[in-house]
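Below is the file entry_24.txt, which contains compact mmCIF, C-alpha atoms and all ligand atoms.
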```
# COMPACT_ATOMS: atom_id res chain seq x y z
CA MET L 7 109.40 117.78 103.83
CA ASP L 8 109.37 119.33 107.27
CA HIS L 9 109.15 122.79 108.74
CA PHE L 10 112.34 122.87 110.81
CA THR L 11 114.71 125.32 109.16
CA TYR L 12 117.49 127.76 110.06
CA ARG L 13 116.77 131.44 110.04
CA ASP L 14 119.50 133.89 110.98
CA GLY L 15 121.60 131.00 112.19
CA VAL L 16 118.98 129.64 114.57
CA LEU L 17 116.88 126.51 114.08
CA HIS L 18 113.17 127.27 113.99
CA ALA L 19 110.05 125.17 114.18
CA GLU L 20 107.87 126.91 111.59
CA ASP L 21 108.16 130.57 112.64
CA VAL L 22 109.26 129.95 116.21
CA PRO L 23 112.95 129.93 117.22
CA LEU L 24 113.67 126.84 119.32
CA PRO L 25 115.54 128.81 122.06
CA LEU L 26 112.30 130.69 122.73
CA ILE L 27 110.53 127.40 123.47
CA ALA L 28 113.46 126.19 125.57
CA ASP L 29 113.24 129.37 127.66
CA GLU L 30 109.58 128.80 128.28
CA VAL L 31 109.42 125.05 128.94
CA GLY L 32 112.99 124.13 129.83
CA THR L 33 114.82 121.16 128.33
CA PRO L 34 114.52 118.47 127.19
CA PHE L 35 111.29 118.76 125.20
CA TYR L 36 109.51 117.47 122.09
CA VAL L 37 108.30 119.92 119.51
CA TYR L 38 105.91 119.18 116.63
CA ALA L 39 105.17 121.29 113.57
CA ALA L 40 101.44 121.46 112.86
CA ALA L 41 102.19 122.37 109.23
CA THR L 42 104.16 119.15 108.74
CA LEU L 43 101.50 117.01 110.38
CA ARG L 44 98.84 118.53 108.13
CA ARG L 45 101.00 118.28 105.05
CA HIS L 46 101.88 114.63 105.64
CA TYR L 47 98.28 113.73 106.33
CA ARG L 48 97.11 115.52 103.19
CA VAL L 49 99.79 114.05 100.94
CA PHE L 50 98.89 110.57 102.16
CA ALA L 51 95.13 111.08 101.94
CA GLU L 52 95.35 112.66 98.47
CA GLY L 53 96.67 109.40 97.08
CA PHE L 54 93.37 107.80 98.06
CA ALA L 55 91.14 110.75 97.12
CA GLY L 56 87.80 109.74 95.67
CA SER L 57 88.18 106.11 96.70
CA GLY L 58 86.27 106.39 99.98
CA ALA L 59 89.32 105.10 101.88
CA LEU L 60 89.66 105.78 105.60
CA VAL L 61 93.06 106.99 106.83
CA ALA L 62 93.18 105.88 110.45
CA PHE L 63 96.25 107.40 112.11
CA ALA L 64 98.16 104.86 114.24
CA VAL L 65 97.77 106.51 117.63
CA LYS L 66 100.73 104.62 119.12
CA ALA L 67 103.10 106.68 116.96
CA LEU L 68 102.17 110.04 118.51
CA SER L 69 99.22 110.02 120.82
CA ASN L 70 98.95 113.51 122.27
CA ILE L 71 95.32 114.63 122.13
CA ALA L 72 96.26 117.94 120.47
CA VAL L 73 97.83 116.04 117.60
CA LEU L 74 94.89 113.64 117.37
CA SER L 75 92.52 116.58 117.35
CA LEU L 76 94.48 118.30 114.56
CA LEU L 77 94.47 115.13 112.46
CA GLY L 78 90.82 114.43 113.26
CA LYS L 79 89.94 117.87 111.86
CA GLU L 80 91.78 116.91 108.67
CA GLY L 81 89.48 113.90 108.38
CA ALA L 82 91.67 111.22 109.95
CA GLY L 83 90.34 108.29 111.89
CA ALA L 84 92.33 106.42 114.52
CA ASP L 85 93.94 103.01 114.72
CA ILE L 86 94.03 102.18 118.42
CA VAL L 87 95.50 99.29 120.40
CA SER L 88 94.23 99.82 123.94
CA GLY L 89 91.42 101.23 126.05
CA GLY L 90 93.72 104.15 126.81
CA GLU L 91 94.12 104.97 123.14
CA LEU L 92 90.36 104.66 122.67
CA PHE L 93 89.88 107.18 125.46
CA ARG L 94 92.38 109.55 123.85
CA ALA L 95 90.92 109.27 120.37
CA LEU L 96 87.39 109.98 121.62
CA LYS L 97 88.62 112.80 123.85
CA ALA L 98 90.29 114.35 120.80
CA GLY L 99 86.95 114.31 118.98
CA ILE L 100 87.66 111.53 116.50
CA PRO L 101 84.27 110.04 115.64
CA ALA L 102 83.86 106.45 116.84
CA ASP L 103 82.88 105.33 113.36
CA ARG L 104 86.40 106.23 112.21
CA ILE L 105 88.13 104.11 114.87
CA VAL L 106 89.59 100.65 114.32
CA PHE L 107 90.86 98.59 117.25
CA SER L 108 94.00 96.56 116.50
CA GLY L 109 96.18 94.46 118.77
CA VAL L 110 96.85 90.83 119.56
CA GLY L 111 95.37 90.95 123.07
CA LYS L 112 92.38 93.02 124.17
CA THR L 113 90.77 92.81 127.61
CA ARG L 114 87.05 92.30 128.07
CA ALA L 115 86.83 95.79 129.59
CA GLU L 116 88.49 97.25 126.49
CA MET L 117 86.14 95.35 124.20
CA LYS L 118 83.14 96.57 126.16
CA ALA L 119 84.28 100.20 126.09
CA ALA L 120 84.84 100.04 122.33
CA LEU L 121 81.44 98.44 121.72
CA GLU L 122 79.78 101.08 123.88
CA ALA L 123 81.54 103.81 121.91
CA GLY L 124 80.40 102.25 118.63
CA ILE L 125 83.74 101.90 116.85
CA LEU L 126 83.94 101.00 113.17
CA GLN L 127 85.61 97.62 113.70
CA PHE L 128 87.75 95.38 115.85
CA ASN L 129 90.68 93.83 114.05
CA VAL L 130 90.57 90.35 115.54
CA GLU L 131 93.78 88.35 115.61
CA SER L 132 92.85 84.87 116.86
CA GLU L 133 90.09 82.33 117.29
CA ALA L 134 90.26 82.86 121.07
CA GLU L 135 89.77 86.60 120.66
CA LEU L 136 86.80 85.96 118.39
CA ARG L 137 85.21 83.82 121.09
CA GLN L 138 85.89 86.42 123.79
CA LEU L 139 84.53 89.26 121.66
CA ALA L 140 81.38 87.24 120.94
CA GLY L 141 80.94 86.73 124.70
CA VAL L 142 81.21 90.43 125.48
CA ALA L 143 78.93 91.42 122.60
CA GLU L 144 76.34 88.82 123.60
CA GLU L 145 76.17 90.22 127.14
CA MET L 146 75.58 93.66 125.67
CA ASP L 147 73.07 92.31 123.18
CA VAL L 148 74.91 93.72 120.17
CA ALA L 149 76.76 92.29 117.19
CA ALA L 150 80.45 93.26 117.23
CA PRO L 151 81.70 94.69 113.90
CA LEU L 152 85.03 93.13 113.07
CA ALA L 153 87.67 92.41 110.52
CA LEU L 154 89.87 89.35 110.69
CA ARG L 155 93.50 90.36 110.81
CA VAL L 156 95.26 87.71 108.82
CA ASN L 157 98.93 87.00 108.66
CA PRO L 158 99.83 87.19 104.96
CA ASP L 159 103.26 85.61 105.48
CA VAL L 160 105.03 88.44 103.70
CA ASP L 161 108.51 89.50 104.71
CA ALA L 162 108.50 93.28 104.92
CA GLY L 163 112.28 93.40 104.62
CA THR L 164 112.55 95.71 107.62
CA ASP L 165 114.19 95.32 111.04
CA THR L 166 112.98 92.00 112.47
CA ARG L 167 111.98 93.74 115.70
CA ILE L 168 109.33 95.74 113.84
CA SER L 169 108.28 93.05 111.36
CA THR L 170 104.83 91.60 111.93
CA GLY L 171 103.60 89.77 108.84
CA ARG L 172 105.71 86.60 108.67
CA LYS L 173 103.94 83.42 109.61
CA ASN L 174 105.83 82.87 112.86
CA ASP L 175 105.32 86.42 114.12
CA LYS L 176 102.73 86.60 116.88
CA PHE L 177 100.35 88.70 114.80
CA GLY L 178 97.28 87.80 112.81
CA ILE L 179 95.33 84.68 112.03
CA PRO L 180 97.18 82.01 110.04
CA TRP L 181 96.34 82.42 106.39
CA ASP L 182 94.74 79.03 105.89
CA GLU L 183 92.36 79.47 108.83
CA ALA L 184 90.94 82.77 107.66
CA VAL L 185 88.08 81.46 105.52
CA ARG L 186 86.85 78.99 108.15
CA LEU L 187 86.90 81.60 110.93
CA TYR L 188 85.26 84.26 108.80
CA THR L 189 82.40 81.94 107.83
CA GLU L 190 81.95 80.83 111.43
CA ALA L 191 81.90 84.45 112.61
CA ALA L 192 79.36 85.34 109.92
CA ALA L 193 77.03 82.68 111.30
CA HIS L 194 77.36 83.92 114.90
CA PRO L 195 74.55 86.24 116.05
CA SER L 196 76.90 88.39 118.18
CA LEU L 197 79.58 88.86 115.53
CA ALA L 198 79.38 90.96 112.40
CA PRO L 199 82.45 90.35 110.24
CA ARG L 200 82.87 93.15 107.73
CA GLY L 201 86.35 92.72 106.37
CA ILE L 202 89.94 91.61 106.31
CA ALA L 203 92.89 93.38 107.91
CA MET L 204 96.66 93.04 107.79
CA HIS L 205 99.78 94.92 108.83
CA ILE L 206 103.17 93.61 107.81
CA GLY L 207 105.59 95.83 109.71
CA SER L 208 107.00 99.30 110.08
CA GLN L 209 109.67 101.52 108.43
CA ILE L 210 109.26 99.59 105.18
CA THR L 211 111.25 101.18 102.39
CA SER L 212 110.24 99.09 99.40
CA LEU L 213 106.84 98.88 97.74
CA MET L 214 107.11 95.21 96.91
CA PRO L 215 106.01 93.78 100.28
CA PHE L 216 102.98 96.08 100.28
CA GLU L 217 102.07 94.98 96.78
CA LYS L 218 102.38 91.33 97.77
CA ALA L 219 100.28 91.76 100.92
CA ALA L 220 97.58 93.76 99.16
CA GLY L 221 97.47 91.12 96.42
CA ARG L 222 96.97 88.43 99.03
CA GLY L 223 94.25 90.54 100.66
CA ARG L 224 92.54 90.88 97.31
CA ASP L 225 92.65 87.10 96.79
CA LEU L 226 91.14 86.52 100.20
CA VAL L 227 88.31 88.99 99.63
CA THR L 228 87.50 87.19 96.39
CA ALA L 229 87.69 83.75 98.04
CA LEU L 230 85.37 84.84 100.86
CA ARG L 231 82.86 86.30 98.45
CA GLY L 232 83.02 83.03 96.55
CA LYS L 233 81.80 81.34 99.72
CA GLY L 234 78.90 83.77 99.94
CA CYS L 235 80.41 86.02 102.63
CA GLU L 236 79.97 89.77 102.60
CA VAL L 237 83.23 91.71 102.68
CA ALA L 238 82.92 95.47 103.04
CA SER L 239 86.39 96.56 104.16
CA LEU L 240 90.04 95.82 103.53
CA ASP L 241 92.46 97.26 106.09
CA LEU L 242 96.05 97.24 104.86
CA GLY L 243 97.68 98.60 108.02
CA GLY L 244 100.55 101.07 108.17
CA GLY L 245 104.26 100.69 107.70
CA LEU L 246 105.47 103.04 104.96
CA GLY L 247 108.97 104.19 105.92
CA ILE L 248 110.40 107.69 106.15
CA PRO L 249 113.84 109.19 105.55
CA TYR L 250 115.79 109.30 108.81
CA ARG L 251 118.99 110.66 107.26
CA GLN L 252 119.06 113.92 105.37
CA ASP L 253 121.62 112.46 102.98
CA GLY L 254 120.35 108.88 103.05
CA GLU L 255 117.88 106.50 101.48
CA VAL L 256 114.67 108.01 100.12
CA PRO L 257 111.67 105.72 100.76
CA PRO L 258 108.87 105.40 98.19
CA LEU L 259 106.54 108.34 97.72
CA PRO L 260 103.11 108.06 99.36
CA SER L 261 101.56 108.71 95.93
CA ASP L 262 103.32 105.67 94.43
CA TYR L 263 102.31 103.59 97.43
CA ALA L 264 98.68 104.69 97.05
CA ALA L 265 98.78 103.97 93.32
CA ILE L 266 99.84 100.37 93.94
CA ILE L 267 97.19 99.81 96.58
CA ARG L 268 94.53 101.37 94.39
CA ARG L 269 95.47 99.26 91.41
CA LEU L 270 94.78 96.20 93.52
CA THR L 271 91.70 97.41 95.37
CA ASP L 272 89.75 100.05 93.41
CA ASP L 273 87.61 97.51 91.57
CA LEU L 274 86.91 95.40 94.67
CA GLY L 275 84.13 97.59 95.99
CA VAL L 276 85.53 97.61 99.52
CA GLN L 277 86.28 100.45 101.89
CA VAL L 278 90.08 100.51 102.08
CA ILE L 279 91.44 101.39 105.52
CA MET L 280 95.04 102.56 105.98
CA GLU L 281 96.83 102.92 109.32
CA PRO L 282 99.88 105.16 108.79
CA GLY L 283 101.70 106.35 111.90
CA ARG L 284 105.37 107.08 111.31
CA LEU L 285 104.80 108.57 107.86
CA ILE L 286 102.60 111.30 109.28
CA ALA L 287 104.31 112.00 112.58
CA GLY L 288 107.97 110.94 112.28
CA ASN L 289 109.47 113.94 110.57
CA ALA L 290 106.98 116.33 112.15
CA GLY L 291 108.82 116.21 115.47
CA LEU L 292 112.16 117.10 117.04
CA PHE L 293 113.55 116.12 120.39
CA VAL L 294 115.46 119.08 121.80
CA THR L 295 118.02 118.69 124.55
CA GLU L 296 120.70 120.83 126.18
CA VAL L 297 124.38 120.06 126.48
CA LEU L 298 125.32 119.56 130.13
CA LEU L 299 129.04 119.01 129.70
CA GLN L 300 131.82 117.48 127.63
CA LYS L 301 133.90 114.60 128.80
CA ASP L 302 137.11 113.10 127.43
CA GLN L 303 137.14 109.35 128.15
CA ASP L 304 140.66 108.31 127.36
CA GLY L 305 140.60 110.02 123.98
CA THR L 306 136.89 109.50 123.24
CA GLN L 307 134.90 112.71 123.37
CA TYR L 308 131.47 112.46 124.97
CA VAL L 309 128.93 115.23 124.88
CA ILE L 310 126.50 114.61 127.74
CA VAL L 311 123.02 116.06 127.26
CA ASP L 312 120.06 116.43 129.60
CA GLY L 313 117.76 114.19 127.52
CA GLY L 314 118.10 110.46 127.97
CA MET L 315 117.11 107.09 126.61
CA ASN L 316 114.02 107.28 128.78
CA ASP L 317 112.89 110.26 126.66
CA LEU L 318 113.83 108.94 123.21
CA MET L 319 114.50 105.24 123.42
CA ARG L 320 114.71 104.28 119.74
CA PRO L 321 118.53 104.46 119.55
CA ALA L 322 118.93 102.31 122.69
CA LEU L 323 116.15 99.90 121.76
CA TYR L 324 116.71 99.37 118.04
CA GLY L 325 120.01 101.07 117.32
CA SER L 326 117.97 103.62 115.35
CA HIS L 327 119.62 106.62 113.83
CA HIS L 328 118.36 110.16 114.42
CA ASP L 329 120.18 113.03 112.73
CA VAL L 330 121.28 115.76 115.09
CA GLN L 331 121.36 119.50 114.45
CA GLU L 332 122.92 122.24 116.52
CA VAL L 333 120.22 124.80 117.19
CA ALA L 334 122.72 127.67 116.94
CA GLN L 335 124.74 127.44 113.74
CA SER L 336 128.48 127.89 114.11
CA ASP L 337 131.51 128.32 111.83
CA ALA L 338 133.78 126.30 114.11
CA GLU L 339 135.40 123.19 112.66
CA PRO L 340 133.27 120.07 113.22
CA LYS L 341 134.65 117.64 115.79
CA SER L 342 133.70 114.04 116.25
CA CYS L 343 131.97 113.00 119.47
CA HIS L 344 129.48 110.60 120.98
CA ILE L 345 126.26 112.19 122.24
CA ALA L 346 124.99 110.48 125.38
CA GLY L 347 122.32 110.99 127.99
CA PRO L 348 122.57 111.00 131.78
CA VAL L 349 120.76 107.68 132.38
CA CYS L 350 122.75 105.03 134.22
CA GLU L 351 122.96 102.60 131.30
CA SER L 352 125.70 102.17 128.74
CA THR L 353 123.05 102.04 125.99
CA ASP L 354 122.05 105.62 126.76
CA VAL L 355 123.91 106.94 123.72
CA PHE L 356 121.98 108.81 121.03
CA LEU L 357 124.62 109.06 118.37
CA ARG L 358 128.19 107.85 117.95
CA ASP L 359 130.73 109.76 115.87
CA ALA L 360 128.49 112.77 115.44
CA ALA L 361 130.12 115.84 113.93
CA LEU L 362 129.34 118.82 116.14
CA ARG L 363 130.81 122.27 115.72
CA ASP L 364 130.17 123.97 119.02
CA PRO L 365 128.60 121.70 121.63
CA LYS L 366 129.39 124.00 124.53
CA GLU L 367 127.62 123.80 127.87
CA GLY L 368 124.11 125.15 127.50
CA ALA L 369 124.00 124.64 123.71
CA LEU L 370 120.80 123.14 122.34
CA LEU L 371 120.81 120.04 120.14
CA ALA L 372 117.81 118.84 118.14
CA PHE L 373 117.33 115.21 117.16
CA ARG L 374 115.29 114.88 114.00
CA GLY L 375 112.69 112.28 113.09
CA ALA L 376 111.52 112.12 116.69
CA GLY L 377 107.81 112.72 116.15
CA ALA L 378 106.85 109.05 115.88
CA TYR L 379 107.54 106.52 118.64
CA GLY L 380 109.44 109.22 120.55
CA ALA L 381 107.26 110.72 123.29
CA THR L 382 104.93 107.72 123.18
CA GLN L 383 107.69 105.29 124.10
CA SER L 384 109.20 107.44 126.84
CA SER L 385 109.31 106.45 130.47
CA GLN L 386 110.19 107.93 133.83
CA TYR L 387 113.18 105.62 134.34
CA ASN L 388 115.66 107.08 136.83
CA THR L 389 112.68 109.14 138.09
CA ARG L 390 113.13 111.55 135.23
CA PRO L 391 109.96 113.51 134.42
CA LEU L 392 108.41 112.90 130.98
CA ALA L 393 109.65 115.54 128.57
CA PRO L 394 106.99 118.11 127.74
CA GLU L 395 105.45 118.28 124.28
CA VAL L 396 105.00 121.52 122.39
CA LEU L 397 102.95 122.13 119.25
CA VAL L 398 103.97 124.95 116.92
CA ASP L 399 101.51 126.34 114.40
CA GLY L 400 102.93 129.23 112.39
CA GLU L 401 104.02 131.87 114.89
CA ARG L 402 102.12 130.29 117.76
CA PHE L 403 103.15 127.56 120.09
CA ALA L 404 101.46 125.79 122.96
CA ILE L 405 102.51 123.31 125.60
CA ILE L 406 100.40 120.27 124.82
CA ARG L 407 101.81 118.17 127.64
CA LYS L 408 103.47 119.78 130.58
CA ARG L 409 106.46 118.44 132.40
CA PRO L 410 105.19 116.71 135.55
CA SER L 411 106.53 117.95 138.86
CA TYR L 412 108.14 115.47 141.24
CA GLU L 413 104.92 115.68 143.26
CA ASP L 414 102.92 114.72 140.15
CA MET L 415 105.26 111.81 139.51
CA LEU L 416 104.79 110.39 142.99
CA SER L 417 101.10 111.14 143.26
CA GLY L 418 100.01 107.54 142.62
CA GLU L 419 102.45 106.03 145.09
CA ALA L 420 101.75 105.30 148.76
CA VAL L 421 103.62 103.85 151.71
CA PRO L 422 101.34 101.29 153.42
CA SER L 423 100.37 102.24 156.98
CA TRP L 424 101.84 99.00 158.33
CA LEU L 425 105.37 99.85 157.20
N1 LIG X 1 98.89 99.35 112.38
C1 LIG X 1 99.31 98.41 113.24
C2 LIG X 1 98.44 97.27 113.52
C3 LIG X 1 100.57 98.52 113.85
O1 LIG X 1 100.98 97.57 114.69
C4 LIG X 1 101.39 99.64 113.55
C5 LIG X 1 102.72 99.79 114.16
C6 LIG X 1 100.90 100.61 112.66
C7 LIG X 1 99.65 100.43 112.08
C8 LIG X 1 101.66 101.84 112.29
O2 LIG X 1 102.82 101.57 111.61
P1 LIG X 1 103.69 102.77 110.98
O3 LIG X 1 102.90 103.36 109.84
O4 LIG X 1 103.95 103.76 112.06
O5 LIG X 1 104.93 102.10 110.52
N2 LIG X 1 108.37 101.38 117.96
C9 LIG X 1 108.84 101.06 116.64
C10 LIG X 1 107.70 100.91 115.66
C11 LIG X 1 106.69 99.87 116.07
C12 LIG X 1 105.50 99.82 115.16
C13 LIG X 1 104.41 99.01 115.76
N3 LIG X 1 103.21 98.93 114.96
C14 LIG X 1 109.83 102.13 116.20
O6 LIG X 1 110.11 103.04 116.97
O7 LIG X 1 110.40 102.03 115.12
```
Write out the structure in this file as structure tokens.
Ligand code: LLP
Amino acid sequence: MDHFTYRDGVLHAEDVPLPLIADEVGTPFYVYAAATLRRHYRVFAEGFAGSGALVAFAVKALSNIAVLSLLGKEGAGADIVSGGELFRALKAGIPADRIVFSGVGKTRAEMKAALEAGILQFNVESEAELRQLAGVAEEMDVAAPLALRVNPDVDAGTDTRISTGRKNDKFGIPWDEAVRLYTEAAAHPSLAPRGIAMHIGSQITSLMPFEKAAGRGRDLVTALRGKGCEVASLDLGGGLGIPYRQDGEVPPLPSDYAAIIRRLTDDLGVQVIMEPGRLIAGNAGLFVTEVLLQKDQDGTQYVIVDGGMNDLMRPALYGSHHDVQEVAQSDAEPKSCHIAGPVCESTDVFLRDAALRDPKEGALLAFRGAGAYGATQSSQYNTRPLAPEVLVDGERFAIIRKRPSYEDMLSGEAVPSWL
């Protein structure tokens, strides 16, 4: 469920008409509904109520500090993958003991910053990383809390570009090395292994891969305990999919997902950690863009908009589908067209064969499902400023990231004096 609905023929974000935001911030822009973010967080967390589980929002999905702050107030932790995301999460007031640090490559500086902050755990993905983390912790005279991220060799059945849990993917420690590494880490004075972690992929629309992975996690916890190791946490990552088409496939309910995880973990006596990103943020955001012009290319109708693949790159990168809605409803007959951006690449097409009723110059179009991996994956390609982000909360709205000026965009660049 989201909070983007038509009222009097105009698409609103909660109680705010989108043209009002467009007037204030210009186009293109991202807009998020606070009510949807809260609702999605609560629905997810409710499934784990009473279990002591930590819901650590995957910051990479939507990393604006206003959003992190909102989720932090709901009780969320953060799953981070860089020093930058650590900085954001702390800035947003998420307590360090609710932060887990994932990622297949972490720099020594990032490890140090996270140890200084006192995060809950590093999710370590290789023997080399374990050695490096031990080195950094030793210099600081601390023991680094960590989980071993193992590769469960489970096929998530999702797009291969966002699949992470098969044995040849770059992620995680090979299954059969987990026990040896965990026992070695437990014997190291600068390492404090506390659990197992895994993450099998993203936009997963069946419960079976999750069940398989959690079952394997359960087996590993038991095996480690059999060897006398202490295991306090089991991090099962993120990955639950969302509906991207209003008339399309309906992914499993978060409550059914939680029920399966709980069936396999409740009696283990571990703190379960979950890292949802897309599920919370995806359908809480729209990308809003304005029609610049229409173009007939030898019989093919193009609607050219002012947002581009640099702003929302999922269609160009993965061929992802985002439903489009005309902000002003119209009774005109729908006509088929391709909706494309102004970037100088043929892949800068958002939607082919879209049915639009009145895409006249100046009309606003809203792409749905743009809250996750939208703004966070944007770039300034073609020297296009990052689209601003706006948070709506009831009747209020605020610019939570402004559009940079051209001066801002060039502020880090310099021409050497010898040129
Ligand atoms: N935990 C880890 C370790 C991850 O790598 C990810 C996502 C998540 C949690 C959150 O997964 P989610 O619940 O959002 O599915 N850019 C792609 C998605 C890449 C996901 C990368 N890892 C897209 O736009 O579809």
Which residue gives the smallest distance to Leu26 in chain L among L:Val333, L:Met315, L:Leu154, L:Ile406, with all atoms listed in the file counted?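 Comparing L:Val333, L:Met315, L:Leu154, L:Ile406 against Leu26 in chain L, the winner is L:Val333.
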Which protein, DNA or RNA residues have an atom within 9 Å of ligand LIG 1 (chain X), counting all atoms listed in the file, as a VMD selection string? chain L and resid 62 to 67 85 to 87 107 to 110 129 155 165 167 to 170 177 203 to 210 242 to 248 280 to 288 319 to 321 323 to 324 326 378 to 380 382 to 383
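Coordinates place CA of Gly313 in chain L at a distance of 7.2 Å from CA of Pro348 in chain L.
If you look at CA of Thr166 in chain L and CA of His327 in chain L, they are 16.1 Å away from each other.
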Coordinates-based distance that separates CA of Phe216 in chain L from CA of Gly163 in chain L (Å, one decimal):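 Value for the CA of Gly163 in chain L-CA of Phe216 in chain L distance: 10.6 Å.
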Once you add 6 Å to each side, what are the centre and edge lengths of the axis-aligned box holding all listed atoms of range 266-280 of chain L? One decimal in Å, as JSON, if you can.
```
{"center_x": 92.0, "center_y": 99.0, "center_z": 98.7, "size_x": 27.7, "size_y": 19.2, "size_z": 26.6}
```
